[in-house]
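Beneath this line is the structure, given in structure tokens, with notes to follow.
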Amino acid sequence: MDLAGLPVAHPEIPGYQLVKQIGSGGMATVFLAIQLSLDRRVAIKVLRTVAEDDPERTEKRFLREGRTLAKITHKNVCGIYDIAKVGDIAYIAMEYLDGGTLVDKLKNGVSVSESISTVVQIASALDEAHKLGIIHRDLKPANVMLRAGRVPVLTDFGIARELTSSHTRITAENMIVGTPIYMSPEQVSGGDVDGRSDLYALGVMFFELLTGQPPYRGDTPIAVCMQHLTAAIPLLPADLADLQPVMERMLAKRADERYADMAAFTHALRDVFVGSEALRYVLRFSPDMPWSEQLRDLGFSFDTLRDADVKAALEAQRKKQGPSPKKAKPQKPGATGRGATSTATHGGWGRKLIFAGLAVVLLAAVGLGLWWSQKPRVLTANDLQTLALLQNEFARRVNDDKLVEPKGDNALHFASAMRKIDPQSAYTTMAYSKWSQEMVKRADAALAANDLASFDGWVDALRKTLPDAPEVTVLAEKRAALTSAQATERALQARFSRLKELTEGATPGPGESVLRMYLDLRGPLNTDPEFVALEPRALAAARARVEAALASGEQLSALADARALVSVQPGDRGLVFLVNDLESKVAAAQKAAEEAARIANEKQRRGMLAIGAAPWATVESVIDSNGMRQPLPADASTPLLLTVPEGRYQISVSNEGGQRRQETVEVARGGLAKLQLRFDSYGADAYLQDMGW
């Protein structure tokens with residue numbers, strides 16, 4: 001059945017009565033239905049394909065979404081009742097949620113407490129998914145539905161990915177998936193994703209819930225994606241400044257700078273709530289409301305606090321002041337009793353005890369002072385109001401481009417004023433972070449304009465204020481890179497000037513080649529008009545160099561230059577023929593040289609073999625260790641002297657009487673090996689007679 005025309009006709013699904021269409025997405029249509037066996041309302045998501053789809057691929061992805069959701073059992077994840085395929089219809093039966101989406105709620109405005117509660121609950125659901133190795137990859141308000149208009153429920157795992165070794169990825173490698181406004185930098189760049197990518201998307205959604213707008217906006221999806229990669233993290237409103245450090249971690253450009261997982265984020269957010277009077281003032285909780293109820297109202301689970309330290313912090317907040325110390329009862333003058341000491345009798349000891357007591361008090365006071373100096377300052381309502389005002393003035397100076405000037409009326413001046421009130425407050429930290437970001441922008445702009453004087457001024461001001469800031473090191477590296485690039489450019493121009501001189505008739509120096517210089521400059525200067533105009537003269541000079549090399553017999557040099565010319569002028573048939581001819585000649589010369597080298601090498605490896613016999617005999621064969629016969633002269637009778645390669649030889653000789661002898665002899669390189677044979681029947685008398693005696 002082709003479902004492309006829905007909702008004109010409802011599909012027939014056994015066990016369910018489809019009531020009406022309630023939604024439609026890229027590959028599925030959603031119906032409100034009645035599950036007949038349980039008489040309950042459900043939402044049925046039916047796969048819809050079109051002609052150009054890959055049906056098998058689409059169905060696999062659709063059913064995978066249902067199975068992925070079914071693995072997650074959590075109150076903030078949409079429940080799955082059934083996944084099946086009937087005939088040509090693939091469907092998923094799931095929990096019916098009638099409270100709309102988070103997008104609908106955003107249109108009417110969301111309070112700070114609702115924002116925190118929503119994000120905490122979604123983080124809990126994602127944490128459960130991540131434990132199962134499931135990454136959502138498309139977290140956004142449209143994929144968060146509401147149960148009873150209040151409880152957020154995570155849906156749509158259509159492009160979720162399971163990070164298991166056995167899972168087969170359906171999405172193509174390096175394919176960018178997700179919604180641009182909520183995509184993490186690693187998704188934008190097509191890199192690997194894990195749970196921290198979902199955390200980034202949750203941070204974008206958290207910012208949007210708190211402010212009504214996402215942190216990054218643009219006219220095109222590409223513009224938004226580029227902001228995820230390069231733009232600074234925007235500031236929250238002043239009354240939410242204590243949440244800024246949490247937001248900075250969630251929206252960090254690098255995944256390893258974000259919270260390790262959803263649980264770490266939730267704990268950090270809860271700690272801000274516990275320790276921030278300003279945030280609790282914004283949330284407007286009743287002072288009489290128990291801490292456990294406040295935490296639960298924000299989505300935190302009081303029963304899952306990490307340790308007793310947090311409970312102790314809650315107790316300390318509840319007890320704003322300790323019990324008053326009891327006053328010592330005055331003793332009547334002259335009264336005595338158990339343990340009383342008479343100063344008349346023990347005056348010396350009394351004075352010693354008094355001095356000892358004073359010393360203890362003094363030491364305690366010093367210790368208390370040291371402890372108090374290291375104790376984080378508790379900001380009063382007046383402090384918070386002053387910090388907020390200073391932050392507004394700071395922001396105005398930044399907008400007016402008054403970062404360090406004029407003196408006493410610049411952004412740095414107001415940041416310093418915040419630091420005097422509390423150097424560790426979120427207001428102060430945020431101000432210095434923003435100031436350093438703006439200083440880096442100014443320095444980068446000066447560097448782009450090649451205005452090194454202005455660049456050095458911005459960097460010096462940044463270094464004086466924040467000497468240990470990593471931005472100082474980064475800017476110094478950028479300056480060094482620019483200086484290196486400028487030096488490279490100067491060297492390039494010098495080589496280009498020299499190339500012009502050579503094409504105009506200058507004599508090349510040792511190692512200089514017009515062609516090599518031209519080829520080196522061709523890459524970086526291929527669009528330079530002056531270089532393009534010089535190209536014909538450079539090639540002509542290179543052609544002349546080839547002809548000169550040929551005339552002087554320098555075939556190898558000519559061949560190298562001719563090949564390079566052919567790579568530039570492949571259509572020059574004369575050059576092609578020249579290269580082929582030179583290659584043949586060079587190959588023949590190389591072969592002749594190799595043969596001469598082989599012969600010379602063999603000569604070096606030869607030795608002398610002297611063969612004698614009594615009486616004289618005929619040398620029938622001289623065979624080396626490889627079974628190869630050595631050439632013998634026509635009259636191979638003894639005595640015989642041969643030149644042979646080094647090695648072991650088997651020598652066969654015979655005399656006139658038909659006697660044969662075989663002997664083995666070793667010939668050394670450059671040496672003389674002697675073989676002297678005597679036949680047994682040949683005595684001294686016979687020898688003398690043969691010699692004419």
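Naming works like this for the structure tokens: A, B, ... for the chains as they're shown, residue 1 at the start of each chain, ligands 1 onward in shown order.
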Item to check | Selection near Val514 in chain A, 9 Å with only C-alpha atoms, sequence-local residues under 5 positions removed, as JSON, numbers by chain | outcome: {"A": [499, 502, 503, 508, 519, 538, 539, 541, 542, 545]}
Produce a file of the selected residues containing N, CA and C atoms, as a compact mmCIF listing (two decimals), in the first residue's frame.
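Resulting contents of selection-v8.txt:
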```txt
# COMPACT_ATOMS: atom_id res chain seq x y z
N LEU A 499 63.80 35.53 -11.37
CA LEU A 499 63.30 34.85 -12.56
C LEU A 499 63.15 35.84 -13.71
N LEU A 502 66.54 36.46 -15.21
CA LEU A 502 67.04 35.35 -16.03
C LEU A 502 66.34 35.29 -17.38
N THR A 503 65.05 35.59 -17.41
CA THR A 503 64.33 35.58 -18.69
C THR A 503 64.73 36.76 -19.58
N PRO A 508 72.70 32.54 -15.59
CA PRO A 508 72.35 31.78 -14.38
C PRO A 508 73.56 31.51 -13.51
N LEU A 519 58.69 26.64 -12.09
CA LEU A 519 57.77 25.65 -11.54
C LEU A 519 57.53 25.87 -10.04
N ALA A 538 59.58 32.66 -19.80
CA ALA A 538 60.21 31.66 -18.94
C ALA A 538 60.28 30.31 -19.63
N LEU A 539 59.21 29.94 -20.32
CA LEU A 539 59.19 28.65 -21.02
C LEU A 539 60.15 28.65 -22.20
N ALA A 541 62.93 30.36 -22.35
CA ALA A 541 64.28 30.25 -21.78
C ALA A 541 64.55 28.81 -21.35
N ALA A 542 63.54 28.12 -20.83
CA ALA A 542 63.70 26.72 -20.43
C ALA A 542 63.96 25.84 -21.65
N ARG A 545 67.41 26.13 -22.69
CA ARG A 545 68.30 25.38 -21.79
C ARG A 545 68.34 23.90 -22.18
```
Checklist entry - Hey, what does DSSP flag as strand (DSSP E) within range 51-256 of chain A? Can you give it to me as a ChimeraX atom specification? => result /A:80-86,89-95,134-135,144-147,151-154,161-162
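Every protein or nucleic acid residue with an atom no more than 8 Å from Ala142 in chain A, counting only C-alpha atoms and leaving out same-chain residues fewer than 2 positions away, appears here: Thr101, Leu102, Val103, Lys140, Val144 and Met145 of chain A.
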Go ahead and dump the residues you just picked, N, CA and C atoms, as a short mmCIF file (atom, residue, chain, number, x, y, z; two decimals), in the first residue's frame.
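As a result, out14.cif now contains:
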```cif
data_model
loop_
_atom_site.label_atom_id
_atom_site.label_comp_id
_atom_site.auth_asym_id
_atom_site.auth_seq_id
_atom_site.Cartn_x
_atom_site.Cartn_y
_atom_site.Cartn_z
N THR A 101 4.12 20.38 22.42
CA THR A 101 5.59 20.30 22.48
C THR A 101 6.14 21.48 23.26
N LEU A 102 7.42 21.41 23.52
CA LEU A 102 8.08 22.51 24.23
C LEU A 102 8.09 23.78 23.38
N VAL A 103 7.99 23.62 22.07
CA VAL A 103 7.90 24.80 21.20
C VAL A 103 6.64 25.60 21.52
N LYS A 140 16.01 19.05 20.47
CA LYS A 140 15.48 20.39 20.24
C LYS A 140 14.08 20.45 20.84
N VAL A 144 10.62 17.51 22.21
CA VAL A 144 10.26 17.35 23.62
C VAL A 144 8.76 17.62 23.74
N MET A 145 7.99 16.59 24.05
CA MET A 145 6.55 16.74 24.23
C MET A 145 6.24 16.83 25.72
#
```
Checklist entry - Any idea what's packed within 10 Å of Lys85 in chain A, counting only C-alpha atoms, ignoring anything in its chain fewer than 5 positions away? Could you give it as JSON, numbers by chain? => result {"A": [13, 46, 47, 59, 63, 90, 91, 92]}
For the residues in the current selection, export C-alpha atoms as a short mmCIF file (atom, residue, chain, number, x, y, z; two decimals), in the first residue's frame.
```
data_model
loop_
_atom_site.label_atom_id
_atom_site.label_comp_id
_atom_site.auth_asym_id
_atom_site.auth_seq_id
_atom_site.Cartn_x
_atom_site.Cartn_y
_atom_site.Cartn_z
CA ILE A 13 -3.76 -1.94 11.33
CA VAL A 46 3.18 4.94 10.36
CA LEU A 47 6.08 4.89 7.91
CA GLU A 59 12.18 1.13 6.81
CA LEU A 63 12.10 0.49 12.88
CA ALA A 90 5.54 -0.52 9.19
CA TYR A 91 4.33 1.18 12.38
CA ILE A 92 5.25 2.05 15.96
#
```
Shell around range 383-398 of chain A at 12 Å using only C-alpha atoms, local window under 5 positions removed, as a tab-separated table (two decimals) with N, CA and C atoms, in the first residue's frame:
```tsv
chain	number	residue	atom	x	y	z
A	234	PRO	N	27.34	33.68	24.37
A	234	PRO	CA	26.68	34.90	24.82
A	234	PRO	C	26.41	34.88	26.32
A	235	LEU	N	26.15	36.08	26.87
A	235	LEU	CA	25.92	36.22	28.31
A	235	LEU	C	24.44	36.07	28.63
A	236	LEU	N	24.17	35.47	29.77
A	236	LEU	CA	22.81	35.42	30.30
A	236	LEU	C	22.46	36.76	30.92
A	237	PRO	N	21.19	37.04	31.14
A	237	PRO	CA	20.82	38.28	31.83
A	237	PRO	C	21.51	38.39	33.19
A	238	ALA	N	21.64	39.62	33.68
A	238	ALA	CA	22.39	39.87	34.91
A	238	ALA	C	21.84	39.08	36.09
A	239	ASP	N	20.51	38.94	36.21
A	239	ASP	CA	19.95	38.24	37.37
A	239	ASP	C	20.18	36.74	37.31
A	240	LEU	N	20.69	36.23	36.16
A	240	LEU	CA	20.99	34.81	36.04
A	240	LEU	C	22.50	34.57	35.89
A	241	ALA	N	23.29	35.56	36.31
A	241	ALA	CA	24.74	35.50	36.09
A	241	ALA	C	25.37	34.28	36.76
A	242	ASP	N	24.80	33.82	37.88
A	242	ASP	CA	25.38	32.67	38.58
A	242	ASP	C	25.26	31.38	37.75
A	276	SER	N	23.58	29.81	45.59
A	276	SER	CA	23.34	31.15	45.04
A	276	SER	C	22.06	31.75	45.62
A	277	GLU	N	22.22	32.75	46.45
A	277	GLU	CA	21.06	33.48	46.97
A	277	GLU	C	20.37	34.24	45.84
A	278	ALA	N	21.19	34.75	44.89
A	278	ALA	CA	20.61	35.53	43.79
A	278	ALA	C	19.67	34.66	42.95
A	279	LEU	N	20.10	33.42	42.67
A	279	LEU	CA	19.27	32.53	41.85
A	279	LEU	C	18.01	32.14	42.61
A	281	TYR	N	16.50	33.85	44.78
A	281	TYR	CA	15.63	35.03	44.81
A	281	TYR	C	14.84	35.12	43.51
A	377	ARG	N	33.21	34.77	50.15
A	377	ARG	CA	32.38	35.85	50.66
A	377	ARG	C	30.91	35.57	50.37
A	378	VAL	N	30.06	35.82	51.37
A	378	VAL	CA	28.61	35.71	51.20
A	378	VAL	C	28.10	37.08	50.78
A	403	LEU	N	37.11	49.70	25.58
A	403	LEU	CA	37.64	48.58	26.35
A	403	LEU	C	38.69	49.01	27.36
A	404	VAL	N	39.62	49.90	26.96
A	404	VAL	CA	40.68	50.36	27.87
A	404	VAL	C	40.80	51.88	27.94
A	405	GLU	N	40.11	52.55	27.11
A	405	GLU	CA	40.11	54.02	27.07
A	405	GLU	C	38.68	54.52	26.96
A	406	PRO	N	38.38	55.73	27.50
A	406	PRO	CA	39.25	56.63	28.27
A	406	PRO	C	39.43	56.16	29.71
A	407	LYS	N	40.45	56.64	30.35
A	407	LYS	CA	40.76	56.22	31.70
A	407	LYS	C	39.61	56.54	32.64
A	408	GLY	N	39.22	55.54	33.44
A	408	GLY	CA	38.14	55.73	34.41
A	408	GLY	C	36.75	55.57	33.84
A	409	ASP	N	36.65	55.39	32.54
A	409	ASP	CA	35.33	55.25	31.92
A	409	ASP	C	35.41	54.21	30.80
A	410	ASN	N	35.93	53.04	31.14
A	410	ASN	CA	36.06	51.97	30.15
A	410	ASN	C	35.62	50.66	30.77
A	411	ALA	N	35.50	49.65	29.91
A	411	ALA	CA	34.99	48.35	30.37
A	411	ALA	C	35.89	47.74	31.43
A	412	LEU	N	37.21	47.86	31.27
A	412	LEU	CA	38.12	47.29	32.26
A	412	LEU	C	37.96	47.94	33.62
A	413	HIS	N	37.68	49.23	33.62
A	413	HIS	CA	37.48	49.94	34.90
A	413	HIS	C	36.30	49.33	35.67
A	414	PHE	N	35.20	49.04	35.00
A	414	PHE	CA	34.03	48.50	35.69
A	414	PHE	C	34.24	47.02	36.05
A	415	ALA	N	35.00	46.31	35.25
A	415	ALA	CA	35.33	44.93	35.62
A	415	ALA	C	36.18	44.91	36.88
A	416	SER	N	37.13	45.86	36.98
A	416	SER	CA	37.96	45.96	38.18
A	416	SER	C	37.12	46.29	39.40
A	417	ALA	N	36.09	47.13	39.21
A	417	ALA	CA	35.20	47.47	40.33
A	417	ALA	C	34.44	46.23	40.80
A	418	MET	N	34.03	45.38	39.88
A	418	MET	CA	33.36	44.13	40.26
A	418	MET	C	34.31	43.24	41.05
A	419	ARG	N	35.57	43.19	40.62
A	419	ARG	CA	36.53	42.33	41.30
A	419	ARG	C	36.78	42.80	42.73
A	420	LYS	N	36.72	44.10	42.97
A	420	LYS	CA	36.90	44.60	44.33
A	420	LYS	C	35.77	44.14	45.25
A	421	ILE	N	34.56	44.03	44.71
A	421	ILE	CA	33.44	43.54	45.53
A	421	ILE	C	33.58	42.05	45.79
A	422	ASP	N	33.83	41.27	44.76
A	422	ASP	CA	34.02	39.82	44.91
A	422	ASP	C	34.73	39.30	43.67
A	423	PRO	N	36.03	38.97	43.79
A	423	PRO	CA	36.78	38.53	42.60
A	423	PRO	C	36.30	37.20	42.04
A	424	GLN	N	35.56	36.42	42.86
A	424	GLN	CA	35.15	35.10	42.41
A	424	GLN	C	33.68	35.03	42.00
A	425	SER	N	32.98	36.14	42.00
A	425	SER	CA	31.57	36.10	41.64
A	425	SER	C	31.41	35.81	40.15
A	426	ALA	N	30.25	35.30	39.80
A	426	ALA	CA	29.97	35.01	38.39
A	426	ALA	C	30.00	36.28	37.56
A	427	TYR	N	29.56	37.40	38.16
A	427	TYR	CA	29.58	38.68	37.45
A	427	TYR	C	31.02	39.03	37.05
A	428	THR	N	31.94	38.92	38.03
A	428	THR	CA	33.34	39.29	37.79
A	428	THR	C	33.98	38.36	36.75
A	429	THR	N	33.79	37.08	36.96
A	429	THR	CA	34.37	36.09	36.04
A	429	THR	C	33.87	36.31	34.62
A	430	MET	N	32.57	36.54	34.51
A	430	MET	CA	31.96	36.74	33.20
A	430	MET	C	32.47	38.02	32.54
A	431	ALA	N	32.64	39.07	33.33
A	431	ALA	CA	33.10	40.34	32.77
A	431	ALA	C	34.52	40.21	32.22
A	432	TYR	N	35.41	39.62	32.99
A	432	TYR	CA	36.78	39.48	32.50
A	432	TYR	C	36.85	38.54	31.30
A	434	LYS	N	34.46	38.17	29.02
A	434	LYS	CA	33.96	38.96	27.89
A	434	LYS	C	34.98	39.99	27.45
A	435	TRP	N	35.63	40.64	28.42
A	435	TRP	CA	36.62	41.67	28.09
A	435	TRP	C	37.78	41.07	27.31
A	436	SER	N	38.27	39.91	27.77
A	436	SER	CA	39.39	39.28	27.06
A	436	SER	C	38.98	38.85	25.66
A	437	GLN	N	37.72	38.38	25.50
A	437	GLN	CA	37.24	38.00	24.17
A	437	GLN	C	37.23	39.21	23.23
A	438	GLU	N	36.76	40.33	23.75
A	438	GLU	CA	36.71	41.54	22.91
A	438	GLU	C	38.11	42.04	22.57
A	439	MET	N	39.04	41.94	23.53
A	439	MET	CA	40.42	42.34	23.25
A	439	MET	C	41.02	41.45	22.16
A	441	LYS	N	39.36	39.98	19.79
A	441	LYS	CA	38.75	40.39	18.52
A	441	LYS	C	39.47	41.61	17.93
A	442	ARG	N	39.76	42.60	18.78
A	442	ARG	CA	40.44	43.81	18.30
A	442	ARG	C	41.84	43.47	17.79
```
Item to check | Atom pair CA of Ser513 in chain A / CA of Leu578 in chain A: separation (Å) | outcome: 19.7 Å
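CA of Arg648 in chain A is found 5.8 Å from CA of Ser625 in chain A.
Among the candidates A:Ser433, A:Pro615, A:Ile651, A:Pro633, the residue lying nearest to Ala469 in chain A is A:Ser433 (atoms considered: only C-alpha atoms).
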Item to check | Contacts of range 210-213 of chain A within 9 Å, only C-alpha atoms, excl. fewer than 4 positions in-chain, as a list of chain:residue names | outcome: A:Leu106, A:Lys107, A:Gly109, A:Val110, A:Ser111, A:Val112, A:Ser115, A:Ile116, A:Met205, A:Phe206, A:Arg217, A:Leu236, A:Pro237, A:Leu240
May I have the residues from that selection written out with C-alpha atoms, as an mmCIF file, in the first residue's frame?
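Saved the output as out-v1.cif:
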```
data_model
loop_
_atom_site.group_PDB
_atom_site.id
_atom_site.type_symbol
_atom_site.label_atom_id
_atom_site.label_comp_id
_atom_site.auth_asym_id
_atom_site.auth_seq_id
_atom_site.Cartn_x
_atom_site.Cartn_y
_atom_site.Cartn_z
ATOM 1 C CA LEU A 106 8.090 28.601 24.600
ATOM 2 C CA LYS A 107 5.635 30.774 22.681
ATOM 3 C CA GLY A 109 7.023 32.116 27.943
ATOM 4 C CA VAL A 110 8.735 29.790 30.395
ATOM 5 C CA SER A 111 9.713 30.735 33.948
ATOM 6 C CA VAL A 112 13.231 30.199 35.258
ATOM 7 C CA SER A 115 13.367 26.044 32.538
ATOM 8 C CA ILE A 116 15.567 24.400 35.148
ATOM 9 C CA MET A 205 17.883 24.619 24.599
ATOM 10 C CA PHE A 206 18.552 25.738 28.208
ATOM 11 C CA ARG A 217 21.039 32.914 15.117
ATOM 12 C CA LEU A 236 22.808 35.416 30.298
ATOM 13 C CA PRO A 237 20.821 38.283 31.830
ATOM 14 C CA LEU A 240 20.994 34.806 36.045
#
```
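Minimum distance to Ile122 in chain A across A:Ala614, A:Ala268, A:Val153, A:Ala148 (counting only C-alpha atoms) occurs at A:Val153.
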Checklist entry - So how far away is CA of Ala494 in chain A from CA of Leu565 in chain A, in Å? => result 23.2 Å
Checklist entry - Mind checking DSSP for range 573-630 of chain A and telling me the alpha helix (DSSP H) residues as a PyMOL selection string? => result chain A and resi 573-604
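Minimum atom-to-atom distance to Ala564 in chain A, evaluated using only C-alpha atoms, belongs to A:Tyr518 out of A:Phe531, A:Phe207, A:Tyr518, A:Tyr96.
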Checklist outcome for this item: Residue with the minimum atom-to-atom distance to Ala93 in chain A, picked from A:Ala443, A:Leu550, A:Leu69, A:Met247 with only C-alpha atoms counted, is A:Leu69
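Shortest atom-to-atom contact with Leu202 in chain A among A:Ser124, A:Ser652, A:Gln659, A:Ser24: A:Ser124, counting only C-alpha atoms.
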